[in-house]
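> File follows, run_22.txt with compact mmCIF, C-alpha atoms:
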```txt
# COMPACT_ATOMS: atom_id res chain seq x y z
CA MET Z 116 28.88 18.76 6.13
CA CYS Z 117 26.51 18.26 3.23
CA THR Z 118 24.60 21.29 1.96
CA CYS Z 119 21.88 19.11 0.47
CA ILE Z 120 20.74 17.47 3.71
CA ALA Z 121 17.41 19.37 3.81
CA GLU Z 122 16.56 18.25 0.27
CA ILE Z 123 17.45 14.67 1.12
CA LYS Z 124 15.35 14.73 4.29
CA GLU Z 125 12.41 16.00 2.23
CA SER Z 126 12.88 13.06 -0.16
CA TYR Z 127 12.88 10.66 2.80
CA THR Z 128 9.60 12.18 3.97
CA LYS Z 129 8.00 11.85 0.52
CA VAL Z 130 8.99 8.20 0.20
CA ARG Z 131 7.73 7.42 3.72
CA GLN Z 132 4.40 9.20 3.15
CA ARG Z 133 3.71 7.62 -0.23
CA THR Z 134 4.63 4.17 1.07
CA ALA Z 135 2.29 4.64 4.03
CA VAL Z 136 -0.59 5.66 1.75
CA VAL Z 137 -0.22 2.58 -0.44
CA ALA Z 138 0.31 0.30 2.56
CA GLN Z 139 -3.01 1.43 4.03
CA GLN Z 140 -5.04 0.59 0.92
CA ARG Z 141 -7.22 -2.47 0.85
CA LEU Z 142 -5.86 -4.95 -1.64
CA ASP Z 143 -8.76 -7.29 -2.29
CA MET Z 144 -10.63 -8.50 -5.35
CA ASP Z 145 -13.26 -5.72 -5.46
CA GLU Z 146 -12.83 -3.69 -8.61
CA TYR Z 147 -9.76 -5.79 -9.46
CA LEU Z 148 -8.53 -4.07 -12.63
CA ASP Z 149 -9.14 -0.55 -11.36
CA LYS Z 150 -7.33 -1.33 -8.14
CA VAL Z 151 -4.43 -2.98 -10.01
CA ILE Z 152 -3.94 0.14 -12.12
CA VAL Z 153 -4.13 2.48 -9.14
CA VAL Z 154 -1.78 0.42 -6.97
CA GLN Z 155 0.57 -0.20 -9.89
CA ASN Z 156 0.86 3.53 -10.60
CA GLU Z 157 1.43 4.31 -6.92
CA LEU Z 158 4.01 1.56 -6.64
CA LYS Z 159 5.85 2.83 -9.71
CA GLN Z 160 5.86 6.33 -8.17
CA ILE Z 161 7.30 5.01 -4.88
CA THR Z 162 9.91 3.04 -6.82
CA GLN Z 163 10.90 6.10 -8.83
CA GLU Z 164 11.08 8.36 -5.76
CA THR Z 165 13.05 5.76 -3.80
CA ASN Z 166 15.50 5.26 -6.67
CA SER Z 167 15.91 9.03 -6.94
CA LEU Z 168 16.51 9.28 -3.18
CA VAL Z 169 19.13 6.52 -3.31
CA GLU Z 170 20.88 8.23 -6.23
CA THR Z 171 20.89 11.61 -4.47
CA VAL Z 172 22.30 10.17 -1.26
CA ARG Z 173 24.92 8.17 -3.19
CA ASN Z 174 25.96 11.32 -5.07
CA HIS Z 175 26.62 13.09 -1.76
CA PHE Z 176 27.72 10.03 0.22
CA THR Z 177 31.20 11.30 1.10
CA GLU Z 178 29.92 14.71 2.20
CA PHE Z 179 27.93 13.44 5.19
CA ASP Z 180 29.45 13.71 8.62
CA GLU Z 181 28.60 11.23 11.38
CA GLN Z 182 25.71 13.32 12.75
CA GLU Z 183 24.08 13.71 9.33
CA THR Z 184 24.52 10.01 8.63
CA THR Z 185 22.92 9.16 11.97
CA GLU Z 186 19.97 11.45 11.12
CA LEU Z 187 19.51 9.84 7.71
CA LEU Z 188 19.62 6.38 9.24
CA ALA Z 189 17.01 7.47 11.79
CA TYR Z 190 14.79 8.56 8.88
CA SER Z 191 15.49 5.26 7.12
CA THR Z 192 14.39 2.86 9.85
CA PRO Z 193 10.63 3.61 9.78
CA ILE Z 194 10.70 3.74 5.98
CA LEU Z 195 12.34 0.32 5.77
CA ILE Z 196 9.74 -1.10 8.15
CA LEU Z 197 6.91 0.36 6.05
CA MET Z 198 8.51 -0.88 2.86
CA ASP Z 199 8.78 -4.40 4.25
CA GLN Z 200 5.16 -4.32 5.43
CA LEU Z 201 3.99 -3.07 2.04
CA HIS Z 202 5.99 -5.73 0.20
CA GLN Z 203 4.50 -8.48 2.38
CA LYS Z 204 1.01 -7.09 1.88
CA LEU Z 205 1.50 -6.97 -1.89
CA MET Z 206 2.86 -10.53 -2.01
CA GLU Z 207 -0.19 -11.82 -0.10
CA SER Z 208 -2.70 -9.76 -2.05
CA PRO Z 209 -5.07 -11.28 -4.61
CA LEU Z 210 -3.90 -8.37 -6.80
CA TYR Z 211 -0.36 -9.77 -6.91
CA ALA Z 212 -0.78 -11.48 -10.28
CA GLY Z 213 -1.61 -8.15 -11.88
CA LEU Z 214 1.12 -6.33 -9.97
CA LYS Z 215 3.93 -8.85 -10.25
CA THR Z 216 6.29 -6.76 -12.42
CA ALA Z 217 5.73 -3.59 -10.40
CA VAL Z 218 6.20 -5.54 -7.15
CA GLU Z 219 9.48 -7.03 -8.41
CA GLU Z 220 10.76 -3.57 -9.42
CA TYR Z 221 9.67 -2.26 -6.02
CA ARG Z 222 11.46 -5.14 -4.25
CA ASP Z 223 14.64 -4.31 -6.17
CA CYS Z 224 14.49 -0.64 -5.21
CA VAL Z 225 13.86 -1.59 -1.57
CA GLY Z 226 16.98 -3.75 -1.76
CA GLU Z 227 18.95 -0.78 -3.09
CA PHE Z 228 17.62 1.39 -0.28
CA GLN Z 229 18.57 -1.25 2.30
CA GLU Z 230 22.05 -1.51 0.78
CA LEU Z 231 22.40 2.27 0.94
CA CYS Z 232 21.49 2.24 4.63
CA THR Z 233 24.02 -0.51 5.30
CA ASP Z 234 26.70 1.41 3.39
CA LEU Z 235 25.93 4.61 5.32
CA GLN Z 236 26.28 2.76 8.61
CA THR Z 237 29.43 0.93 7.56
CA PHE Z 238 31.41 3.60 5.74
CA ASN Z 239 30.28 6.78 7.48
CA ILE Z 240 30.00 5.51 11.06
CA ASP Z 241 31.58 2.10 11.69
CA VAL Z 242 34.77 2.38 9.64
CA PRO Z 243 35.77 5.86 10.87
CA ARG Z 244 35.32 4.66 14.47
CA ASN Z 245 37.49 1.58 13.90
CA GLU Z 246 40.88 1.89 15.63
CA ASN Z 247 42.72 -0.09 12.96
CA TYR Z 248 41.29 2.15 10.26
CA ARG Z 249 42.30 5.30 12.11
CA ALA Z 250 45.81 3.95 12.72
CA THR Z 251 46.19 3.07 9.05
CA GLU Z 252 44.86 6.47 8.03
CA ASP Z 253 47.39 8.18 10.36
CA LEU Z 254 50.19 6.07 8.91
CA LEU Z 255 49.17 7.01 5.37
CA ARG Z 256 49.12 10.71 6.29
CA LYS Z 257 52.64 10.42 7.65
CA LEU Z 258 53.81 8.76 4.44
CA ALA Z 259 52.28 11.46 2.23
```
If you took the structure in this file and wrote it as structure tokens, what would it be?


Amino acid sequence: MCTCIAEIKESYTKVRQRTAVVAQQRLDMDEYLDKVIVVQNELKQITQETNSLVETVRNHFTEFDEQETTELLAYSTPILILMDQLHQKLMESPLYAGLKTAVEEYRDCVGEFQELCTDLQTFNIDVPRNENYRATEDLLRKLA
């Protein structure tokens, strides 16, 4: 059982909330440069917080039991949906030209977050439930 689960859940909440705030902003041509700077700064903050979250979870990856992993994946699903919606909105926005670098960095961090979620599902839930894996693990214990 991981002792850092509360801290990680708080990070999930921060990423979700910040993503929701940016996703709700109007991204049109009014006040173009001001809006680009504001959205760019917010996007960089989301990217940084998401990268930090991914790093924290990766650092404690092997400490999570199945229940904690399931909880983290439940937190992840709405965040991934919001992230996808925000990315689509940014790509379609007239502000995209001014945000291109920040959007690409954001897309990369979303990919890392998606990969983390897939790894959590695979290595902390699916593999331990696999009968072949358990049989091999038992065999290895007997050999040790």

> Could you jot down the atom CA of Z:Met206 to atom CA of Z:Val218 separation for me, Å, one decimal place?

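Straight-line distance from atom CA of Z:Met206 to atom CA of Z:Val218 works out to 7.9 Å.
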
> Tell me, in Å to one decimal, how far atom CA of Z:Lys257 is from atom CA of Z:Asp234.

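According to the coordinates, atom CA of Z:Lys257 and atom CA of Z:Asp234 are separated by 27.8 Å.
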
> What does the distance between atom CA of Z:Leu210 and atom CA of Z:Glu157 come to in Å, to one decimal place?

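If I compute the distance from atom CA of Z:Leu210 to atom CA of Z:Glu157, I get 13.8 Å.
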
> Contacts of stretch 224-228 of chain Z at 9 Å or less, counting only C-alpha atoms, minus same-chain residues fewer than 5 places along, as a ChimeraX atom specification?

/Z:162-163,165-166,168-169,191,195,198-199,219,233

> Around the point (-3.0, -4.5, 2.0), in the coordinates given by the file, pick out the residues reaching within 10 Å, counting all atoms listed in the file, and return them as a list in words.

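Protein and nucleic acid residues near the point are Val137, Ala138, Gln139, Gln140, Arg141, Leu142, Asp143, Gln200, Leu201, His202, Gln203, Lys204, Leu205, Met206, Glu207, Ser208, Pro209 and Leu210 of chain Z.
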
> From (3.9, -1.5, -6.7), in the file's coordinates, out to 8 Å: which residues are reached, counting only C-alpha atoms? Answer as an MDAnalysis selection string.

chainID Z and resid 154:159 161:162 205 214 217:218 220:221

> Between Z:Leu255, Z:Asp241, Z:Thr192, Z:Gly213, which one has atoms that come closest to Z:Gln229, using only C-alpha atoms?

Z:Thr192

> For Z:Ile152, which of Z:Phe176, Z:Tyr211, Z:Tyr248, Z:Ile120 is the closest residue, counting only C-alpha atoms?

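Result for the nearest residue to Z:Ile152: Z:Tyr211.
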
> Excluding same-chain residues fewer than 6 positions from stretch 180-190 of chain Z, what lies within 7 Å of it counting only C-alpha atoms, as JSON, numbers by chain?

{"Z": [116, 127, 232, 235, 239, 240]}

> May I have the centre and edge lengths, in Å to one decimal, of an axis-aligned box around the listed atoms of stretch 207-216 of chain Z with 3 Å added to every side, as lines of an AutoDock Vina configuration file?


```
center_x = 0.6
center_y = -9.1
center_z = -6.3
size_x = 17.4
size_y = 11.5
size_z = 18.3
```

> Just checking: using all atoms listed in the file, which residue out of Z:Asn174, Z:Asn245, Z:Thr134, Z:Gln236 ends up closest to Z:Cys119?

Z:Asn174

> So, with only C-alpha atoms as the atoms that count, which of Z:Ile123, Z:Val136, Z:Val172, Z:Ala212 lies closest to Z:Val151?

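Among Z:Ile123, Z:Val136, Z:Val172, Z:Ala212, it is Z:Ala212 that comes nearest to Z:Val151.
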
> Could you complete stretch 165-176 of chain Z so that it carries all heavy atoms, and give it back as a PDB file, in the coordinates of the input?


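Listing of part-v8.pdb after writing:
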```pdb
ATOM      1  N   THR Z 165      12.037   6.443  -4.599  1.00  0.00           N
ATOM      2  CA  THR Z 165      13.050   5.760  -3.800  1.00  0.00           C
ATOM      3  C   THR Z 165      14.358   5.677  -4.578  1.00  0.00           C
ATOM      4  O   THR Z 165      15.440   5.952  -4.024  1.00  0.00           O
ATOM      5  CB  THR Z 165      12.582   4.356  -3.388  1.00  0.00           C
ATOM      6  OG1 THR Z 165      11.356   4.478  -2.656  1.00  0.00           O
ATOM      7  CG2 THR Z 165      13.614   3.658  -2.522  1.00  0.00           C
ATOM      8  N   ASN Z 166      14.289   5.317  -5.851  1.00  0.00           N
ATOM      9  CA  ASN Z 166      15.500   5.260  -6.670  1.00  0.00           C
ATOM     10  C   ASN Z 166      16.171   6.629  -6.768  1.00  0.00           C
ATOM     11  O   ASN Z 166      17.400   6.740  -6.712  1.00  0.00           O
ATOM     12  CB  ASN Z 166      15.194   4.714  -8.062  1.00  0.00           C
ATOM     13  CG  ASN Z 166      14.925   3.234  -8.063  1.00  0.00           C
ATOM     14  OD1 ASN Z 166      15.374   2.501  -7.182  1.00  0.00           O
ATOM     15  ND2 ASN Z 166      14.172   2.765  -9.046  1.00  0.00           N
ATOM     16  N   SER Z 167      15.374   7.672  -6.888  1.00  0.00           N
ATOM     17  CA  SER Z 167      15.910   9.030  -6.940  1.00  0.00           C
ATOM     18  C   SER Z 167      16.579   9.401  -5.617  1.00  0.00           C
ATOM     19  O   SER Z 167      17.665  10.006  -5.592  1.00  0.00           O
ATOM     20  CB  SER Z 167      14.781  10.017  -7.255  1.00  0.00           C
ATOM     21  OG  SER Z 167      15.256  11.332  -7.241  1.00  0.00           O
ATOM     22  N   LEU Z 168      15.944   9.030  -4.510  1.00  0.00           N
ATOM     23  CA  LEU Z 168      16.510   9.280  -3.180  1.00  0.00           C
ATOM     24  C   LEU Z 168      17.848   8.566  -3.029  1.00  0.00           C
ATOM     25  O   LEU Z 168      18.841   9.157  -2.588  1.00  0.00           O
ATOM     26  CB  LEU Z 168      15.544   8.838  -2.095  1.00  0.00           C
ATOM     27  CG  LEU Z 168      16.055   8.842  -0.655  1.00  0.00           C
ATOM     28  CD1 LEU Z 168      16.467  10.241  -0.229  1.00  0.00           C
ATOM     29  CD2 LEU Z 168      15.005   8.279   0.276  1.00  0.00           C
ATOM     30  N   VAL Z 169      17.893   7.301  -3.415  1.00  0.00           N
ATOM     31  CA  VAL Z 169      19.130   6.520  -3.310  1.00  0.00           C
ATOM     32  C   VAL Z 169      20.229   7.175  -4.146  1.00  0.00           C
ATOM     33  O   VAL Z 169      21.364   7.331  -3.690  1.00  0.00           O
ATOM     34  CB  VAL Z 169      18.895   5.046  -3.725  1.00  0.00           C
ATOM     35  CG1 VAL Z 169      20.209   4.301  -3.899  1.00  0.00           C
ATOM     36  CG2 VAL Z 169      18.015   4.346  -2.704  1.00  0.00           C
ATOM     37  N   GLU Z 170      19.889   7.593  -5.353  1.00  0.00           N
ATOM     38  CA  GLU Z 170      20.880   8.230  -6.230  1.00  0.00           C
ATOM     39  C   GLU Z 170      21.387   9.540  -5.624  1.00  0.00           C
ATOM     40  O   GLU Z 170      22.597   9.809  -5.626  1.00  0.00           O
ATOM     41  CB  GLU Z 170      20.271   8.486  -7.605  1.00  0.00           C
ATOM     42  CG  GLU Z 170      21.239   9.104  -8.586  1.00  0.00           C
ATOM     43  CD  GLU Z 170      20.632   9.335  -9.957  1.00  0.00           C
ATOM     44  OE1 GLU Z 170      19.594   8.732 -10.285  1.00  0.00           O
ATOM     45  OE2 GLU Z 170      21.206  10.149 -10.696  1.00  0.00           O
ATOM     46  N   THR Z 171      20.492  10.336  -5.080  1.00  0.00           N
ATOM     47  CA  THR Z 171      20.890  11.610  -4.470  1.00  0.00           C
ATOM     48  C   THR Z 171      21.820  11.381  -3.292  1.00  0.00           C
ATOM     49  O   THR Z 171      22.861  12.041  -3.167  1.00  0.00           O
ATOM     50  CB  THR Z 171      19.654  12.414  -4.022  1.00  0.00           C
ATOM     51  OG1 THR Z 171      18.824  12.667  -5.155  1.00  0.00           O
ATOM     52  CG2 THR Z 171      20.047  13.729  -3.379  1.00  0.00           C
ATOM     53  N   VAL Z 172      21.459  10.446  -2.422  1.00  0.00           N
ATOM     54  CA  VAL Z 172      22.300  10.170  -1.260  1.00  0.00           C
ATOM     55  C   VAL Z 172      23.649   9.614  -1.710  1.00  0.00           C
ATOM     56  O   VAL Z 172      24.693  10.020  -1.193  1.00  0.00           O
ATOM     57  CB  VAL Z 172      21.597   9.208  -0.273  1.00  0.00           C
ATOM     58  CG1 VAL Z 172      22.529   8.787   0.848  1.00  0.00           C
ATOM     59  CG2 VAL Z 172      20.344   9.870   0.308  1.00  0.00           C
ATOM     60  N   ARG Z 173      23.651   8.717  -2.680  1.00  0.00           N
ATOM     61  CA  ARG Z 173      24.920   8.170  -3.190  1.00  0.00           C
ATOM     62  C   ARG Z 173      25.807   9.275  -3.769  1.00  0.00           C
ATOM     63  O   ARG Z 173      27.024   9.258  -3.607  1.00  0.00           O
ATOM     64  CB  ARG Z 173      24.667   7.095  -4.234  1.00  0.00           C
ATOM     65  CG  ARG Z 173      24.103   5.830  -3.662  1.00  0.00           C
ATOM     66  CD  ARG Z 173      25.073   4.678  -3.808  1.00  0.00           C
ATOM     67  NE  ARG Z 173      24.468   3.446  -3.322  1.00  0.00           N
ATOM     68  CZ  ARG Z 173      24.912   2.796  -2.257  1.00  0.00           C
ATOM     69  NH1 ARG Z 173      25.939   3.234  -1.588  1.00  0.00           N
ATOM     70  NH2 ARG Z 173      24.315   1.693  -1.871  1.00  0.00           N
ATOM     71  N   ASN Z 174      25.192  10.225  -4.475  1.00  0.00           N
ATOM     72  CA  ASN Z 174      25.960  11.320  -5.070  1.00  0.00           C
ATOM     73  C   ASN Z 174      26.636  12.210  -4.024  1.00  0.00           C
ATOM     74  O   ASN Z 174      27.628  12.872  -4.321  1.00  0.00           O
ATOM     75  CB  ASN Z 174      25.083  12.169  -5.984  1.00  0.00           C
ATOM     76  CG  ASN Z 174      24.730  11.465  -7.270  1.00  0.00           C
ATOM     77  OD1 ASN Z 174      25.400  10.528  -7.692  1.00  0.00           O
ATOM     78  ND2 ASN Z 174      23.660  11.899  -7.910  1.00  0.00           N
ATOM     79  N   HIS Z 175      26.084  12.240  -2.827  1.00  0.00           N
ATOM     80  CA  HIS Z 175      26.620  13.090  -1.760  1.00  0.00           C
ATOM     81  C   HIS Z 175      27.189  12.265  -0.601  1.00  0.00           C
ATOM     82  O   HIS Z 175      27.470  12.805   0.469  1.00  0.00           O
ATOM     83  CB  HIS Z 175      25.532  14.032  -1.245  1.00  0.00           C
ATOM     84  CG  HIS Z 175      25.048  14.982  -2.293  1.00  0.00           C
ATOM     85  ND1 HIS Z 175      25.739  16.115  -2.636  1.00  0.00           N
ATOM     86  CD2 HIS Z 175      23.960  14.940  -3.098  1.00  0.00           C
ATOM     87  CE1 HIS Z 175      25.088  16.747  -3.601  1.00  0.00           C
ATOM     88  NE2 HIS Z 175      24.014  16.055  -3.899  1.00  0.00           N
ATOM     89  N   PHE Z 176      27.354  10.987  -0.820  1.00  0.00           N
ATOM     90  CA  PHE Z 176      27.720  10.030   0.220  1.00  0.00           C
ATOM     91  C   PHE Z 176      28.927  10.473   1.046  1.00  0.00           C
ATOM     92  O   PHE Z 176      28.920  10.397   2.266  1.00  0.00           O
ATOM     93  CB  PHE Z 176      28.010   8.671  -0.443  1.00  0.00           C
ATOM     94  CG  PHE Z 176      28.066   7.522   0.496  1.00  0.00           C
ATOM     95  CD1 PHE Z 176      26.914   6.826   0.815  1.00  0.00           C
ATOM     96  CD2 PHE Z 176      29.266   7.122   1.057  1.00  0.00           C
ATOM     97  CE1 PHE Z 176      26.958   5.743   1.679  1.00  0.00           C
ATOM     98  CE2 PHE Z 176      29.318   6.042   1.925  1.00  0.00           C
ATOM     99  CZ  PHE Z 176      28.164   5.358   2.234  1.00  0.00           C
TER     100      PHE Z 176
END
```
